[in-house]
Amino acid sequence: MNDPIVITGAGLITPLGTGVESVWGALDRGESGVRQLADDDPRFARGVDPDKAPACRFGGFVQGFLPREIIQSSQLRRMDWISRLLLGSAHLAIEHAEATPAIAAAPERTAIVAGSAFGAQRETQEYIDRLLSRGLGAGQPFLFPNLVLNAAAGWAAIELDIQGPNVSVSEHEASGETALVTAFDLLMAGCVDRVIACGIDEFSQVLLRAFEDRHLVDPRCMGKAAAAAGSQRTLIPGEGGAALVLERRSHARARNREPLARLTDAASMGTGSRPHSFTHPSDAAHTVRQWLGDRGVDLLVSSGACGAARPVVDQAIGESIGNPPRIDLGPLVGQSPSGGVLAAAIGALACAKGHAPGSPSQGATLSRVLISGVARGGVVAPLLLESLRPSSTDNQS
Amino acid sequence: MNRVVITGMGAITAAGPTVGSLMDALRENRTCIGPLDLFPTGDTPVQIAGQVREIPPPDLLEAKDLRRASRSDRLAAVAAAEAMREAGLGQNPPDPSRFGVAIGSSTGGMLETESYYTAFHAKQPLGAYRPTLLSATVGATADLIASMVRAQGRRLAPSTACSSSALAIAMGKIWIQSGAADVVIAGGTDALCRMTFSGFQSLRAMSPEPCRPFDVNRQGLSLGEGAGIVILESERHAEKRGAQPLARVAGAGMSCDAAHPTAPHAESRGAIAALSGALSDGKIRPEDIDYINAHGTGTPQNDAAEARAIRGVLGTSDCPVSSTKGVCGHLLGAAGSVEAILSVRAMIEGFLPPQVGLLDPDPECPLSFVREPRPADLETVVSNSYGFGGNNVSLALSRT
């Protein structure tokens, strides 16, 4: 391709910190963002999180995100938590990509694509609780519009004045990767010049209870002692927002912006696994292997979402492609179904820096990174990133 | 670039479980909006909806999957089965790896999620709700349909409120044009649920009587439920297997108002961009449009904004326009695909679908409304869909 699609900026609001350098630094040092939420956590300060009662106090809670520092809007008070995560991460990504003037010059040529499995769960829970206790006439006009899955992307479009396609997608644990695939499709088709692709999810009491009901949740999330080794109770919920700016390389060059990486290929596709089950490891591995063809992979990054089933699938994918080094973000940030965008951001940064976090010895050999999007419903959504560094072995066309 | 044609269509609405039943209601200028009894509505001012009275067991769907399916899933499965039959794909299935699925929805399995919440709220055991909770997310329907029709190609579940299914068709078109798929089963589904029924009432956007979009005495929208599914195919692939195209997806335009979470832009900026984009994509001149199926929800703001957009792009009030939401209500995430389907069917059958319930057109909406069904030779039609978050999608459909 003469004018490849590249990633020019990232905005990260994660349990490892807020901002690209904070997150990379924490990963480089081998830290985990999974923690017990203390009583004096800034999260409980007025104006940070509009809902001050997280589902549990052990998990992957975002750190270092004070919405008012990033979002200068009188409408902030009307935005729920995931709308704040989306708008905050999109804002940071645009800033990182130095793309503000380019977007302002042609707002109709920029799209927002957001991936989220569940949308605004806590507000949905609050709303339905109210209906159940007070009847259908007790709906709240300011709350209801925030309950549709695309509400957060709508707020971002308003605040950032982005007038191109505004797409929200939901694909279970591959919601983030699917957002990036959709962004890739829109750019390939020439519908837009630039896409802000985001992944956002929070977790709620009801969802936590549903997972607990299926014996999937790490007992520490329920205020109990850690499970014994080998337990299937490994699901530690995570929340966060991650955004990437994608565009044609020619557009990045026009404003002298050096891309982080190239998004060479992306696809969300079926594997033939059953609709309500997590994708079978061999189905996932076979489909990803076929999709990759003869393209080699130097690093595999996984969002880690979907409890104990996920490492098994990632291992099968890894084995089918020659066992490259693997990063599983699940234990580091908790499991977020839209974590694929964060995984892609880590992959893109690894491409730009020439090494995986914590592995500087990989040096110039890091050329291709695979993001292994996998979800229930028999879906895989792999993404292939390539380094654009002069020393890498990719074909820099 | 591959041309994209429609070779099969299926719809289930309050009018019945087929496209034919919907077209019958339109030809008879009849509303199917009636009393709602899917869940208790209490003493709310609105007690009606376009409720689907009976969902037949969809063929092609395995019993195990049917047990886990949400109402929204089952609606989609019925429409998908009809579309597959019309396209003749049951006997002659496409290469699974080249067969994509794009099914949109605004609330997915929310009706079943509400039952789960009810049990949770009452501190009841949750185990009985496990099977349908697996279908709670918007993405579950696309997975189910993919399994049902044995599609292993591209997969997408867009959720852009009331433009979800139109956007699914637009994305399916992109896949086929780019060569990522040969065939795509696309559209949308939504079931009535307490959340939307209560929510739209809280916004004072719902009418206690069947909706009358563009009427000066309208009182708001009527909610409905249903699904609309189309089989999109590259023209070459359809030709190769001897399938008869029903219509061509000539153009698609997508935009965002970027102005307000629920209200349309004051100057209809996004609606104009979507309609212009669809025409530009299809290389269609405004004067070539023979009919516009308006989003026309029946709220004063939406109706006026859409009328401005149509006048702004077409530069004339001569083009026949109707909103068909008076027949089955506003199907939310399914509205775009169902309305695209009935527009294609009207093109094939040679008649203009009427605006059921329109008595006294609002002078703020100076358009040429179709008051009664009437014969017409339609070559190119447009279907508009708008949603919360300022989402706009316009689809241009033409005869092959």
# chains A, B, ... in the order shown; residues from 1 in each chain; ligands from 1
>>> interface_residues(of="chain A", to="chain B", cutoff="7 Å", atoms="only C-alpha atoms", output="JSON, numbers by chain")
{"A": [117, 118, 128, 132, 135, 136, 137, 139, 140, 141, 144, 145, 148, 149, 150, 151, 154, 155, 157, 158, 161, 162, 163, 164, 165, 166, 167, 168, 169, 170, 171, 172, 189, 267, 268, 269, 270, 271, 272, 274, 275, 276, 377]}
>>> residues_around(residues="Gly298 (chain B)", least_positions_apart="5", cutoff="6 Å", atoms="only C-alpha atoms", output="NGL selection string")
:B and (212-213 or 220-221)
>>> closest_atom_pairs(of="region 153-255 of chain B", to="region 72-75 of chain B", cutoff="6 Å", atoms="only C-alpha atoms", output="Markdown table")
| residue | atom | partner | partner_atom | distance |
| --- | --- | --- | --- | --- |
| B:Thr189 | CA | B:Ser72 | CA | 5.9 |
| B:Asp190 | CA | B:Ser72 | CA | 5.2 |
| B:Ala191 | CA | B:Ser72 | CA | 4.9 |
| B:Gly226 | CA | B:Leu75 | CA | 5.9 |
| B:Ala227 | CA | B:Leu75 | CA | 5.6 |
>>> select_by_dssp(residues="region 130-332 of chain A", states="strand (DSSP E or B)", output="PDB file with C-alpha atoms, in the first residue's frame")
ATOM      1  CA  ASN A 166     -19.873   8.356  14.854  1.00  0.00           C
ATOM      2  CA  VAL A 167     -19.905   4.616  15.372  1.00  0.00           C
ATOM      3  CA  SER A 168     -20.217   2.582  18.551  1.00  0.00           C
ATOM      4  CA  VAL A 169     -19.672  -1.154  18.412  1.00  0.00           C
ATOM      5  CA  ARG A 194      -8.840  10.378  10.360  1.00  0.00           C
ATOM      6  CA  VAL A 195     -10.459   8.238  13.048  1.00  0.00           C
ATOM      7  CA  ILE A 196     -10.357   8.520  16.807  1.00  0.00           C
ATOM      8  CA  ALA A 197     -10.822   4.882  17.856  1.00  0.00           C
ATOM      9  CA  CYS A 198     -11.600   4.273  21.503  1.00  0.00           C
ATOM     10  CA  GLY A 199     -12.270   1.482  23.939  1.00  0.00           C
ATOM     11  CA  ILE A 200     -14.196   2.175  27.136  1.00  0.00           C
ATOM     12  CA  ASP A 201     -15.788   0.047  29.818  1.00  0.00           C
ATOM     13  CA  VAL A 217     -14.608 -13.697  39.925  1.00  0.00           C
ATOM     14  CA  LEU A 235     -11.610 -12.591  36.704  1.00  0.00           C
ATOM     15  CA  PRO A 237     -12.617  -6.523  36.556  1.00  0.00           C
ATOM     16  CA  GLY A 238     -10.893  -3.538  35.060  1.00  0.00           C
ATOM     17  CA  GLY A 240     -10.539   2.406  31.609  1.00  0.00           C
ATOM     18  CA  GLY A 241     -10.459   4.410  28.449  1.00  0.00           C
ATOM     19  CA  ALA A 242      -7.963   4.200  25.623  1.00  0.00           C
ATOM     20  CA  ALA A 243      -7.968   6.049  22.335  1.00  0.00           C
ATOM     21  CA  LEU A 244      -5.818   6.014  19.222  1.00  0.00           C
ATOM     22  CA  VAL A 245      -5.621   8.446  16.346  1.00  0.00           C
ATOM     23  CA  LEU A 246      -5.499   6.641  13.014  1.00  0.00           C
ATOM     24  CA  GLU A 247      -4.918   8.269   9.664  1.00  0.00           C
ATOM     25  CA  ARG A 248      -3.167   7.859   6.337  1.00  0.00           C
ATOM     26  CA  ALA A 261       3.281   2.389  14.069  1.00  0.00           C
ATOM     27  CA  ARG A 262       1.507   1.178  11.012  1.00  0.00           C
ATOM     28  CA  LEU A 263      -1.821  -0.657  11.302  1.00  0.00           C
ATOM     29  CA  THR A 264      -1.166  -3.121   8.533  1.00  0.00           C
ATOM     30  CA  ASP A 265      -4.241  -5.275   8.791  1.00  0.00           C
ATOM     31  CA  ALA A 266      -7.339  -5.710  10.942  1.00  0.00           C
ATOM     32  CA  MET A 269     -14.455 -12.406  11.904  1.00  0.00           C
ATOM     33  CA  GLY A 270     -16.180 -15.601  12.889  1.00  0.00           C
ATOM     34  CA  PHE A 278     -16.035 -18.215  24.463  1.00  0.00           C
ATOM     35  CA  LEU A 299       5.239  -9.761  20.013  1.00  0.00           C
ATOM     36  CA  LEU A 300       1.729 -10.798  20.996  1.00  0.00           C
ATOM     37  CA  VAL A 301      -0.305  -8.399  23.149  1.00  0.00           C
ATOM     38  CA  SER A 302      -3.592  -9.480  24.696  1.00  0.00           C
ATOM     39  CA  ARG A 326       3.511 -12.373  25.016  1.00  0.00           C
ATOM     40  CA  ILE A 327       2.073  -9.556  27.129  1.00  0.00           C
ATOM     41  CA  ASP A 328      -1.165 -10.293  28.972  1.00  0.00           C
TER      42      ASP A 328
END
>>> closest_residue(among="B:Phe351, B:Phe214, B:Tyr291, B:Phe39", to="Ala307 (chain B)", atoms="only C-alpha atoms")
B:Phe214
>>> atom_distance(atom1="CA of Gln121 (chain A)", atom2="CA of Arg220 (chain A)")
21.5 Å
>>> closest_atom_pairs(of="region 242-274 of chain B", to="region 8-17 of chain B", cutoff="12 Å", atoms="only C-alpha atoms", output="Markdown table")
| residue | atom | partner | partner_atom | distance |
| --- | --- | --- | --- | --- |
| B:Ala243 | CA | B:Gly8 | CA | 9.4 |
| B:Gln244 | CA | B:Gly8 | CA | 9.0 |
| B:Pro245 | CA | B:Gly8 | CA | 8.0 |
| B:Leu246 | CA | B:Gly8 | CA | 7.2 |
| B:Ala247 | CA | B:Gly8 | CA | 9.5 |
| B:Arg248 | CA | B:Gly8 | CA | 11.5 |
>>> closest_residue(among="A:Gly11, A:Gly358, A:Pro219, A:Gly59", to="Ala97 (chain A)", atoms="only C-alpha atoms")
A:Gly11
>>> residues_around(residues="Glu235 (chain B)", least_positions_apart="4", cutoff="6 Å", atoms="only C-alpha atoms", output="tab-separated table (two decimals) with C-alpha atoms, in the first residue's frame")
chain	number	residue	atom	x	y	z
B	3	ARG	CA	-21.29	-2.96	-6.88
B	4	VAL	CA	-23.52	-3.99	-4.00
B	5	VAL	CA	-26.96	-5.47	-4.54
>>> residues_around(residues="Ala99 (chain A)", least_positions_apart="4", cutoff="9 Å", atoms="only C-alpha atoms", output="number ranges by chain")
A: 8-9, 93-95, 103-104, 245, 252, 255, 257
>>> write_last_selection(atoms="C-alpha atoms", output="short mmCIF file (atom, residue, chain, number, x, y, z; two decimals), in the first residue's frame")
data_model
loop_
_atom_site.label_atom_id
_atom_site.label_comp_id
_atom_site.auth_asym_id
_atom_site.auth_seq_id
_atom_site.Cartn_x
_atom_site.Cartn_y
_atom_site.Cartn_z
CA THR A 8 -0.15 8.86 15.29
CA GLY A 9 -1.30 9.32 18.85
CA ALA A 93 -4.89 11.01 21.95
CA ILE A 94 -5.60 14.03 19.75
CA GLU A 95 -3.14 16.08 21.79
CA ILE A 103 -9.46 18.04 12.87
CA ALA A 104 -10.64 21.63 13.21
CA VAL A 245 -5.62 8.45 16.35
CA ALA A 252 0.63 12.57 9.21
CA ARG A 255 1.89 18.01 9.51
CA ARG A 257 3.99 13.96 12.64
#
>>> closest_residue(among="A:Ala111, A:Cys56, A:Ala285, A:Ile7", to="Glu386 (chain A)", atoms="only C-alpha atoms")
A:Ile7
>>> closest_atom_pairs(of="region 282-379 of chain A", to="region 85-90 of chain A", cutoff="12 Å", atoms="only C-alpha atoms", output="Markdown table")
| residue | atom | partner | partner_atom | distance |
| --- | --- | --- | --- | --- |
| A:Ser338 | CA | A:Leu86 | CA | 11.4 |
| A:Val341 | CA | A:Ser89 | CA | 10.9 |
| A:Leu342 | CA | A:Ser89 | CA | 10.6 |
| A:Ala345 | CA | A:Ser89 | CA | 11.7 |
>>> residues_around(residues="Thr18 (chain A)", least_positions_apart="3", cutoff="6 Å", atoms="only C-alpha atoms", output="PyMOL selection string")
chain A and resi 12-14+64-65
>>> atom_distance(atom1="CA of Gly47 (chain A)", atom2="CA of Gly334 (chain A)")
23.9 Å
>>> closest_residue(among="A:Ile317, A:Leu207, A:Ala55, A:Leu349", to="Gly119 (chain A)", atoms="only C-alpha atoms")
A:Leu207
